[in-house]
file model.txt (compact mmCIF, N, CA and C atoms)
# COMPACT_ATOMS: atom_id res chain seq x y z
N MET N 1 24.64 125.76 -39.61
CA MET N 1 25.05 125.23 -38.35
C MET N 1 25.60 123.82 -38.58
N LYS N 2 26.80 123.63 -38.17
CA LYS N 2 27.48 122.35 -38.36
C LYS N 2 27.40 121.55 -37.08
N ARG N 3 26.96 120.28 -37.18
CA ARG N 3 26.85 119.41 -36.00
C ARG N 3 28.01 118.42 -36.01
N SER N 4 28.48 118.12 -34.87
CA SER N 4 29.52 117.09 -34.77
C SER N 4 29.12 116.11 -33.67
N LEU N 5 29.52 114.90 -33.84
CA LEU N 5 29.22 113.87 -32.86
C LEU N 5 30.25 113.91 -31.74
N ALA N 6 29.78 113.59 -30.56
CA ALA N 6 30.68 113.58 -29.41
C ALA N 6 31.62 112.39 -29.52
N MET N 7 32.79 112.56 -28.98
CA MET N 7 33.76 111.47 -28.98
C MET N 7 33.24 110.35 -28.08
N PRO N 8 33.40 109.09 -28.47
CA PRO N 8 32.93 108.00 -27.62
C PRO N 8 33.78 107.89 -26.35
N PHE N 9 33.13 107.52 -25.28
CA PHE N 9 33.80 107.34 -23.99
C PHE N 9 33.96 105.84 -23.78
N VAL N 10 35.19 105.36 -23.70
CA VAL N 10 35.45 103.93 -23.60
C VAL N 10 36.07 103.63 -22.24
N VAL N 11 35.48 102.63 -21.54
CA VAL N 11 36.02 102.19 -20.27
C VAL N 11 36.44 100.73 -20.44
N THR N 12 37.65 100.41 -20.07
CA THR N 12 38.14 99.04 -20.15
C THR N 12 38.35 98.55 -18.72
N ALA N 13 37.72 97.43 -18.40
CA ALA N 13 37.86 96.86 -17.06
C ALA N 13 38.40 95.44 -17.17
N SER N 14 39.26 95.10 -16.27
CA SER N 14 39.78 93.75 -16.24
C SER N 14 39.01 92.96 -15.19
N LEU N 15 38.46 91.82 -15.58
CA LEU N 15 37.73 90.98 -14.66
C LEU N 15 38.60 89.88 -14.08
N ALA N 16 39.85 89.82 -14.49
CA ALA N 16 40.77 88.81 -13.96
C ALA N 16 41.18 89.22 -12.55
N PRO N 17 41.38 88.25 -11.66
CA PRO N 17 41.77 88.58 -10.29
C PRO N 17 43.18 89.15 -10.25
N ALA N 18 43.44 89.93 -9.23
CA ALA N 18 44.78 90.47 -9.04
C ALA N 18 45.75 89.31 -8.80
N ALA N 19 46.96 89.46 -9.28
CA ALA N 19 47.90 88.35 -9.26
C ALA N 19 48.32 87.91 -7.85
N PHE N 20 48.49 88.83 -6.93
CA PHE N 20 49.03 88.43 -5.64
C PHE N 20 48.15 88.84 -4.46
N ALA N 21 46.91 89.20 -4.70
CA ALA N 21 46.04 89.66 -3.62
C ALA N 21 45.59 88.49 -2.74
N GLN N 22 45.67 88.65 -1.44
CA GLN N 22 45.12 87.70 -0.47
C GLN N 22 44.05 88.46 0.29
N THR N 23 42.80 88.23 -0.05
CA THR N 23 41.69 88.90 0.62
C THR N 23 40.73 87.82 1.10
N PRO N 24 39.70 88.20 1.89
CA PRO N 24 38.77 87.19 2.39
C PRO N 24 38.02 86.44 1.30
N ASP N 25 38.00 86.95 0.09
CA ASP N 25 37.27 86.26 -0.97
C ASP N 25 38.18 85.62 -2.01
N ARG N 26 39.47 85.51 -1.72
CA ARG N 26 40.41 84.86 -2.65
C ARG N 26 41.62 84.32 -1.90
N ILE N 27 42.14 83.18 -2.36
CA ILE N 27 43.36 82.62 -1.77
C ILE N 27 44.24 82.06 -2.88
N GLN N 28 45.53 82.01 -2.61
CA GLN N 28 46.48 81.42 -3.54
C GLN N 28 46.66 79.95 -3.19
N THR N 29 46.69 79.09 -4.19
CA THR N 29 46.95 77.67 -4.01
C THR N 29 48.04 77.26 -4.98
N PRO N 30 48.61 76.07 -4.83
CA PRO N 30 49.62 75.63 -5.80
C PRO N 30 49.07 75.54 -7.23
N LYS N 31 47.75 75.33 -7.37
CA LYS N 31 47.16 75.22 -8.71
C LYS N 31 46.77 76.56 -9.31
N GLY N 32 46.75 77.61 -8.52
CA GLY N 32 46.34 78.93 -9.00
C GLY N 32 45.62 79.68 -7.91
N GLU N 33 44.80 80.64 -8.31
CA GLU N 33 44.06 81.46 -7.36
C GLU N 33 42.59 81.06 -7.35
N ILE N 34 42.03 80.84 -6.15
CA ILE N 34 40.61 80.52 -6.02
C ILE N 34 39.91 81.78 -5.54
N VAL N 35 38.83 82.14 -6.27
CA VAL N 35 38.09 83.35 -5.99
C VAL N 35 36.64 83.00 -5.69
N ARG N 36 36.11 83.53 -4.56
CA ARG N 36 34.69 83.35 -4.23
C ARG N 36 33.94 84.53 -4.79
N GLY N 37 32.94 84.22 -5.64
CA GLY N 37 32.13 85.26 -6.25
C GLY N 37 31.03 85.73 -5.32
N PRO N 38 30.30 86.78 -5.71
CA PRO N 38 29.23 87.30 -4.86
C PRO N 38 28.09 86.31 -4.66
N ASN N 39 27.97 85.32 -5.54
CA ASN N 39 26.93 84.30 -5.39
C ASN N 39 27.35 83.19 -4.44
N GLY N 40 28.58 83.24 -3.91
CA GLY N 40 29.05 82.24 -2.96
C GLY N 40 29.79 81.08 -3.60
N TYR N 41 29.78 80.97 -4.91
CA TYR N 41 30.48 79.88 -5.60
C TYR N 41 31.91 80.28 -5.91
N CYS N 42 32.79 79.30 -6.03
CA CYS N 42 34.21 79.57 -6.24
C CYS N 42 34.68 79.14 -7.62
N GLN N 43 35.69 79.85 -8.10
CA GLN N 43 36.32 79.52 -9.38
C GLN N 43 37.83 79.52 -9.18
N LEU N 44 38.49 78.61 -9.91
CA LEU N 44 39.95 78.51 -9.89
C LEU N 44 40.49 79.17 -11.15
N TYR N 45 41.36 80.15 -10.96
CA TYR N 45 42.06 80.80 -12.06
C TYR N 45 43.47 80.23 -12.09
N GLU N 46 43.75 79.43 -13.11
CA GLU N 46 45.07 78.82 -13.24
C GLU N 46 46.06 79.86 -13.76
N PRO N 47 47.35 79.69 -13.43
CA PRO N 47 48.34 80.60 -14.01
C PRO N 47 48.23 80.52 -15.54
N ASP N 48 48.19 81.69 -16.17
CA ASP N 48 47.92 81.70 -17.61
C ASP N 48 49.14 81.40 -18.48
N GLY N 49 50.33 81.51 -17.94
CA GLY N 49 51.51 81.23 -18.74
C GLY N 49 51.80 82.31 -19.79
N CYS N 50 51.04 83.38 -19.78
CA CYS N 50 51.26 84.46 -20.74
C CYS N 50 52.52 85.23 -20.35
N PRO N 51 53.34 85.55 -21.33
CA PRO N 51 54.56 86.31 -21.01
C PRO N 51 54.21 87.71 -20.53
N ARG N 52 54.94 88.18 -19.55
CA ARG N 52 54.72 89.52 -19.02
C ARG N 52 55.67 90.47 -19.75
N PRO N 53 55.10 91.50 -20.38
CA PRO N 53 55.97 92.43 -21.12
C PRO N 53 56.76 93.33 -20.17
N LYS N 54 57.89 93.79 -20.64
CA LYS N 54 58.68 94.76 -19.88
C LYS N 54 58.03 96.12 -20.08
N ASP N 55 58.39 97.07 -19.24
CA ASP N 55 57.83 98.41 -19.35
C ASP N 55 58.02 98.95 -20.76
N GLY N 56 56.95 99.47 -21.31
CA GLY N 56 57.01 100.08 -22.64
C GLY N 56 56.81 99.10 -23.79
N GLU N 57 56.84 97.79 -23.53
CA GLU N 57 56.64 96.81 -24.61
C GLU N 57 55.16 96.47 -24.74
N VAL N 58 54.78 96.11 -25.94
CA VAL N 58 53.42 95.68 -26.19
C VAL N 58 53.34 94.19 -25.88
N PRO N 59 52.34 93.78 -25.07
CA PRO N 59 52.25 92.35 -24.75
C PRO N 59 51.85 91.54 -25.97
N PRO N 60 52.44 90.36 -26.14
CA PRO N 60 52.04 89.51 -27.27
C PRO N 60 50.64 88.95 -27.03
N PRO N 61 49.94 88.55 -28.10
CA PRO N 61 48.61 87.97 -27.91
C PRO N 61 48.69 86.71 -27.05
N CYS N 62 47.72 86.54 -26.18
CA CYS N 62 47.69 85.37 -25.31
C CYS N 62 46.25 85.08 -24.94
N ASN N 63 45.88 83.82 -24.90
CA ASN N 63 44.53 83.43 -24.56
C ASN N 63 44.59 82.55 -23.30
N PRO N 64 44.41 83.14 -22.11
CA PRO N 64 44.50 82.36 -20.88
C PRO N 64 43.32 81.37 -20.78
N PRO N 65 43.50 80.28 -20.03
CA PRO N 65 42.40 79.33 -19.87
C PRO N 65 41.26 79.95 -19.06
N PRO N 66 40.03 79.55 -19.34
CA PRO N 66 38.91 80.09 -18.56
C PRO N 66 38.95 79.55 -17.14
N PRO N 67 38.33 80.26 -16.19
CA PRO N 67 38.31 79.76 -14.81
C PRO N 67 37.46 78.49 -14.72
N GLN N 68 37.81 77.63 -13.75
CA GLN N 68 37.07 76.38 -13.52
C GLN N 68 36.27 76.51 -12.23
N HIS N 69 35.04 75.99 -12.24
CA HIS N 69 34.23 75.97 -11.02
C HIS N 69 34.79 74.90 -10.10
N VAL N 70 35.02 75.27 -8.83
CA VAL N 70 35.57 74.35 -7.85
C VAL N 70 34.77 74.47 -6.55
N VAL N 71 34.90 73.48 -5.67
CA VAL N 71 34.30 73.54 -4.35
C VAL N 71 35.08 74.56 -3.53
N CYS N 72 34.36 75.45 -2.86
CA CYS N 72 35.02 76.49 -2.06
C CYS N 72 35.76 75.86 -0.88
N PRO N 73 37.01 76.23 -0.67
CA PRO N 73 37.70 75.78 0.54
C PRO N 73 37.03 76.41 1.77
N ASP N 74 37.16 75.76 2.92
CA ASP N 74 36.52 76.24 4.15
C ASP N 74 36.87 77.69 4.47
N GLU N 75 38.12 78.10 4.20
CA GLU N 75 38.51 79.46 4.57
C GLU N 75 37.84 80.54 3.72
N LEU N 76 37.19 80.16 2.61
CA LEU N 76 36.48 81.14 1.79
C LEU N 76 34.98 81.15 2.05
N LEU N 77 34.49 80.20 2.84
CA LEU N 77 33.05 80.16 3.12
C LEU N 77 32.68 81.22 4.15
N VAL N 78 31.48 81.75 4.03
CA VAL N 78 30.99 82.76 4.96
C VAL N 78 29.81 82.20 5.73
N GLU N 79 29.42 82.87 6.80
CA GLU N 79 28.27 82.47 7.61
C GLU N 79 26.99 82.81 6.86
N ALA N 80 25.92 82.07 7.14
CA ALA N 80 24.61 82.39 6.57
C ALA N 80 24.12 83.70 7.17
N GLY N 81 23.33 84.43 6.39
CA GLY N 81 22.80 85.70 6.86
C GLY N 81 21.60 85.52 7.78
N PRO N 82 21.14 86.59 8.42
CA PRO N 82 20.02 86.50 9.36
C PRO N 82 18.70 86.15 8.68
N ASN N 83 18.56 86.43 7.41
CA ASN N 83 17.32 86.12 6.70
C ASN N 83 17.46 84.87 5.84
N GLU N 84 18.40 84.00 6.21
CA GLU N 84 18.62 82.76 5.48
C GLU N 84 18.52 81.57 6.43
N VAL N 85 18.16 80.43 5.88
CA VAL N 85 18.13 79.18 6.64
C VAL N 85 19.19 78.26 6.04
N VAL N 86 19.94 77.56 6.90
CA VAL N 86 21.01 76.67 6.44
C VAL N 86 20.41 75.30 6.14
N VAL N 87 20.73 74.77 4.95
CA VAL N 87 20.24 73.46 4.53
C VAL N 87 21.43 72.58 4.16
N PRO N 88 21.35 71.26 4.41
CA PRO N 88 22.43 70.37 3.98
C PRO N 88 22.40 70.22 2.45
N MET N 89 23.57 70.16 1.85
CA MET N 89 23.64 70.03 0.39
C MET N 89 23.88 68.58 -0.04
N GLY N 90 23.95 67.64 0.91
CA GLY N 90 24.05 66.23 0.57
C GLY N 90 25.45 65.69 0.44
N ASP N 91 26.45 66.55 0.42
CA ASP N 91 27.82 66.08 0.29
C ASP N 91 28.68 66.52 1.47
N GLY N 92 28.01 66.80 2.59
CA GLY N 92 28.74 67.24 3.77
C GLY N 92 28.88 68.75 3.85
N ARG N 93 28.51 69.45 2.80
CA ARG N 93 28.57 70.91 2.80
C ARG N 93 27.20 71.47 3.13
N CYS N 94 27.15 72.77 3.39
CA CYS N 94 25.88 73.43 3.72
C CYS N 94 25.62 74.56 2.74
N GLY N 95 24.35 74.87 2.58
CA GLY N 95 23.94 75.98 1.72
C GLY N 95 22.93 76.84 2.46
N ALA N 96 22.75 78.06 1.99
CA ALA N 96 21.79 78.98 2.59
C ALA N 96 20.70 79.31 1.59
N MET N 97 19.46 79.27 2.10
CA MET N 97 18.28 79.60 1.29
C MET N 97 17.55 80.75 1.97
N PRO N 98 16.85 81.60 1.21
CA PRO N 98 16.07 82.67 1.84
C PRO N 98 15.01 82.09 2.77
N LYS N 99 14.80 82.72 3.93
CA LYS N 99 13.80 82.24 4.89
C LYS N 99 12.38 82.48 4.40
N ASN N 100 12.11 83.66 3.95
CA ASN N 100 10.74 84.05 3.64
C ASN N 100 10.55 84.26 2.14
N MET N 101 10.58 83.19 1.40
CA MET N 101 10.34 83.30 -0.04
C MET N 101 8.87 83.00 -0.29
N SER N 102 8.23 83.84 -1.07
CA SER N 102 6.81 83.61 -1.33
C SER N 102 6.55 83.75 -2.83
N CYS N 103 5.47 83.11 -3.26
CA CYS N 103 5.05 83.16 -4.65
C CYS N 103 3.64 83.74 -4.71
N PRO N 104 3.29 84.42 -5.78
CA PRO N 104 1.92 84.88 -5.93
C PRO N 104 0.98 83.68 -6.01
N PRO N 105 -0.28 83.82 -5.58
CA PRO N 105 -1.23 82.71 -5.64
C PRO N 105 -1.37 82.18 -7.07
N GLY N 106 -1.33 80.87 -7.21
CA GLY N 106 -1.47 80.22 -8.51
C GLY N 106 -0.20 80.17 -9.34
N ALA N 107 0.88 80.77 -8.86
CA ALA N 107 2.14 80.78 -9.61
C ALA N 107 3.03 79.64 -9.15
N THR N 108 3.90 79.20 -10.03
CA THR N 108 4.91 78.21 -9.68
C THR N 108 6.24 78.93 -9.57
N CYS N 109 6.88 78.82 -8.41
CA CYS N 109 8.14 79.52 -8.18
C CYS N 109 9.31 78.55 -8.23
N ASN N 110 10.39 79.02 -8.72
CA ASN N 110 11.62 78.24 -8.78
C ASN N 110 12.65 78.98 -7.93
N PRO N 111 12.89 78.51 -6.68
CA PRO N 111 13.83 79.22 -5.82
C PRO N 111 15.26 79.12 -6.36
N PRO N 112 16.10 80.07 -5.98
CA PRO N 112 17.50 79.99 -6.40
C PRO N 112 18.17 78.81 -5.72
N PRO N 113 19.26 78.31 -6.29
CA PRO N 113 19.97 77.20 -5.62
C PRO N 113 20.58 77.70 -4.32
N PRO N 114 20.83 76.79 -3.37
CA PRO N 114 21.45 77.22 -2.10
C PRO N 114 22.81 77.85 -2.36
N ARG N 115 23.10 78.90 -1.61
CA ARG N 115 24.39 79.58 -1.68
C ARG N 115 25.33 78.88 -0.72
N PRO N 116 26.52 78.43 -1.17
CA PRO N 116 27.44 77.72 -0.25
C PRO N 116 27.82 78.61 0.93
N VAL N 117 27.69 78.06 2.13
CA VAL N 117 28.06 78.77 3.36
C VAL N 117 28.76 77.80 4.32
N ARG N 118 29.35 78.35 5.36
CA ARG N 118 30.00 77.55 6.40
C ARG N 118 28.92 76.83 7.20
N CYS N 119 29.11 75.54 7.45
CA CYS N 119 28.14 74.78 8.24
C CYS N 119 28.20 75.26 9.68
N PRO N 120 27.04 75.38 10.34
CA PRO N 120 27.06 75.79 11.74
C PRO N 120 27.68 74.70 12.61
N ALA N 121 28.21 75.12 13.74
CA ALA N 121 28.80 74.15 14.68
C ALA N 121 27.68 73.27 15.23
N PRO N 122 27.96 71.99 15.49
CA PRO N 122 26.93 71.13 16.07
C PRO N 122 26.47 71.67 17.42
N ALA N 123 25.18 71.48 17.69
CA ALA N 123 24.62 71.98 18.95
C ALA N 123 25.19 71.20 20.12
N GLU N 124 25.44 71.90 21.21
CA GLU N 124 25.93 71.27 22.43
C GLU N 124 24.80 70.46 23.05
N PRO N 125 25.06 69.25 23.58
CA PRO N 125 23.99 68.51 24.24
C PRO N 125 23.53 69.26 25.49
N LYS N 126 22.23 69.25 25.71
CA LYS N 126 21.67 69.98 26.84
C LYS N 126 21.88 69.18 28.12
N ALA N 127 22.34 69.85 29.16
CA ALA N 127 22.52 69.22 30.47
C ALA N 127 21.17 69.16 31.17
N PRO N 128 20.92 68.14 32.00
CA PRO N 128 19.66 68.09 32.74
C PRO N 128 19.59 69.26 33.72
N PRO N 129 18.38 69.71 34.03
CA PRO N 129 18.27 70.81 34.99
C PRO N 129 18.93 70.43 36.31
N SER N 130 19.53 71.40 36.96
CA SER N 130 20.26 71.11 38.20
C SER N 130 19.34 70.71 39.34
N ASP N 131 18.04 71.07 39.26
CA ASP N 131 17.13 70.70 40.34
C ASP N 131 16.47 69.34 40.11
N ALA N 132 16.84 68.64 39.04
CA ALA N 132 16.25 67.32 38.76
C ALA N 132 16.76 66.33 39.80
N ALA N 133 15.86 65.48 40.25
CA ALA N 133 16.23 64.48 41.25
C ALA N 133 17.12 63.43 40.60
N GLN N 134 18.24 63.18 41.21
CA GLN N 134 19.17 62.18 40.71
C GLN N 134 18.92 60.88 41.48
N VAL N 135 18.41 59.87 40.78
CA VAL N 135 18.10 58.59 41.40
C VAL N 135 19.12 57.56 40.91
N PRO N 136 19.86 56.91 41.80
CA PRO N 136 20.81 55.90 41.34
C PRO N 136 20.05 54.73 40.72
N PRO N 137 20.61 54.06 39.72
CA PRO N 137 19.91 52.97 39.04
C PRO N 137 19.46 51.87 40.00
N SER N 138 20.20 51.59 41.07
CA SER N 138 19.81 50.52 41.99
C SER N 138 18.56 50.89 42.79
N ALA N 139 18.26 52.19 42.92
CA ALA N 139 17.09 52.61 43.69
C ALA N 139 15.86 52.80 42.81
N ALA N 140 16.01 52.69 41.50
CA ALA N 140 14.87 52.88 40.60
C ALA N 140 13.93 51.69 40.72
N PRO N 141 12.62 51.94 40.69
CA PRO N 141 11.67 50.83 40.78
C PRO N 141 11.75 49.96 39.53
N ALA N 142 11.50 48.67 39.73
CA ALA N 142 11.50 47.74 38.59
C ALA N 142 10.26 48.02 37.76
N SER N 143 10.38 47.92 36.45
CA SER N 143 9.22 48.16 35.59
C SER N 143 8.36 46.90 35.58
N ALA N 144 7.16 47.05 35.07
CA ALA N 144 6.16 45.99 35.10
C ALA N 144 6.69 44.69 34.53
N GLY N 145 6.65 43.61 35.31
CA GLY N 145 7.01 42.29 34.84
C GLY N 145 8.49 41.99 34.84
N PHE N 146 9.31 42.98 35.16
CA PHE N 146 10.74 42.74 35.15
C PHE N 146 11.28 42.85 36.56
N ALA N 147 12.07 41.90 36.96
CA ALA N 147 12.66 41.91 38.28
C ALA N 147 14.06 42.50 38.18
N PRO N 148 14.52 43.15 39.26
CA PRO N 148 15.87 43.68 39.24
C PRO N 148 16.88 42.53 39.21
N PRO N 149 18.06 42.78 38.69
CA PRO N 149 19.07 41.71 38.64
C PRO N 149 19.45 41.27 40.05
N PRO N 150 19.79 40.01 40.24
CA PRO N 150 20.20 39.55 41.56
C PRO N 150 21.48 40.24 42.01
N PRO N 151 21.60 40.43 43.34
CA PRO N 151 22.81 41.11 43.85
C PRO N 151 24.06 40.28 43.71
call {"tool": "encode", "arguments": {"input": "model.txt", "output": "structure tokens"}}
result
Amino acid sequence: MKRSLAMPFVVTASLAPAAFAQTPDRIQTPKGEIVRGPNGYCQLYEPDGCPRPKDGEVPPPCNPPPPQHVVCPDELLVEAGPNEVVVPMGDGRCGAMPKNMSCPPGATCNPPPPRPVRCPAPAEPKAPPSDAAQVPPSAAPASAGFAPPPP
């Protein structure tokens, strides 16, 4: 009985972003393409300058520059999830942390860094209740030891 090994199955995947795609997680800029990863952080892919081969030609060797970590533009930021709390990151940006993170008793936990998210809109100032008595300043009683200003 003769045994033979199975042919290897090879899958090649390109992790480089599509050249002209405009999706919610990537935008084109004059410096290149900015891509937001699943962790919420952004990277800039500069144009590689590699020559594009014509149909049927073998592309020449080329080593494009690695992506650079950059601050996510506002249009790539997403809202915090329902199980996250928004925290200030100290530079005017906001991050999201898990709400209910717990550690086993006696263990020291190291939470993940905040995920960059869109800062929530500032809260609207609350209006006084409509049934509150409106007293003009001239009718307010003078406080202890202070006399009202002369007319």
call {"tool": "closest_residue", "arguments": {"input": "model.txt", "among": "N:Cys50, N:Val117, N:Leu44, N:Leu77", "to": "N:Ala96", "atoms": "all atoms listed in the file"}}
result
N:Val117
call {"tool": "closest_residue", "arguments": {"input": "model.txt", "among": "N:Thr108, N:Cys119, N:Pro113, N:Gln68", "to": "N:Gly92", "atoms": "only N, CA and C atoms"}}
result
N:Cys119
call {"tool": "closest_residue", "arguments": {"input": "model.txt", "among": "N:Pro65, N:Gly40, N:Pro60, N:Gly81", "to": "N:Pro114", "atoms": "all atoms listed in the file"}}
result
N:Gly40
call {"tool": "atom_distance", "arguments": {"input": "model.txt", "atom1": "atom C of N:Pro98", "atom2": "atom N of N:Ala80"}}
result
11.8 Å
call {"tool": "residues_around", "arguments": {"input": "model.txt", "residues": "N:Pro66", "least_positions_apart": "2", "cutoff": "8 Å", "atoms": "only N, CA and C atoms", "output": "number ranges by chain"}}
result
N: 44-46, 63-64, 68-69
call {"tool": "atom_distance", "arguments": {"input": "model.txt", "atom1": "atom CA of N:Asp91", "atom2": "atom CA of N:Cys42"}}
result
16.3 Å
call {"tool": "residues_near_point", "arguments": {"input": "model.txt", "point": "(22.6, 74.0, 0.2)", "cutoff": "5 Å", "atoms": "all atoms listed in the file", "output": "list in words"}}
result
Val87, Pro88, Met89, Cys94, Gly95, Ala96 and Pro114 of chain N
call {"tool": "axis_aligned_box", "arguments": {"input": "model.txt", "around": "stretch 114-120 of chain N", "padding_each_side": "6 Å", "output": "JSON"}}
result
{"center_x": 25.4, "center_y": 77.1, "center_z": 4.6, "size_x": 21.2, "size_y": 16.9, "size_z": 28.0}
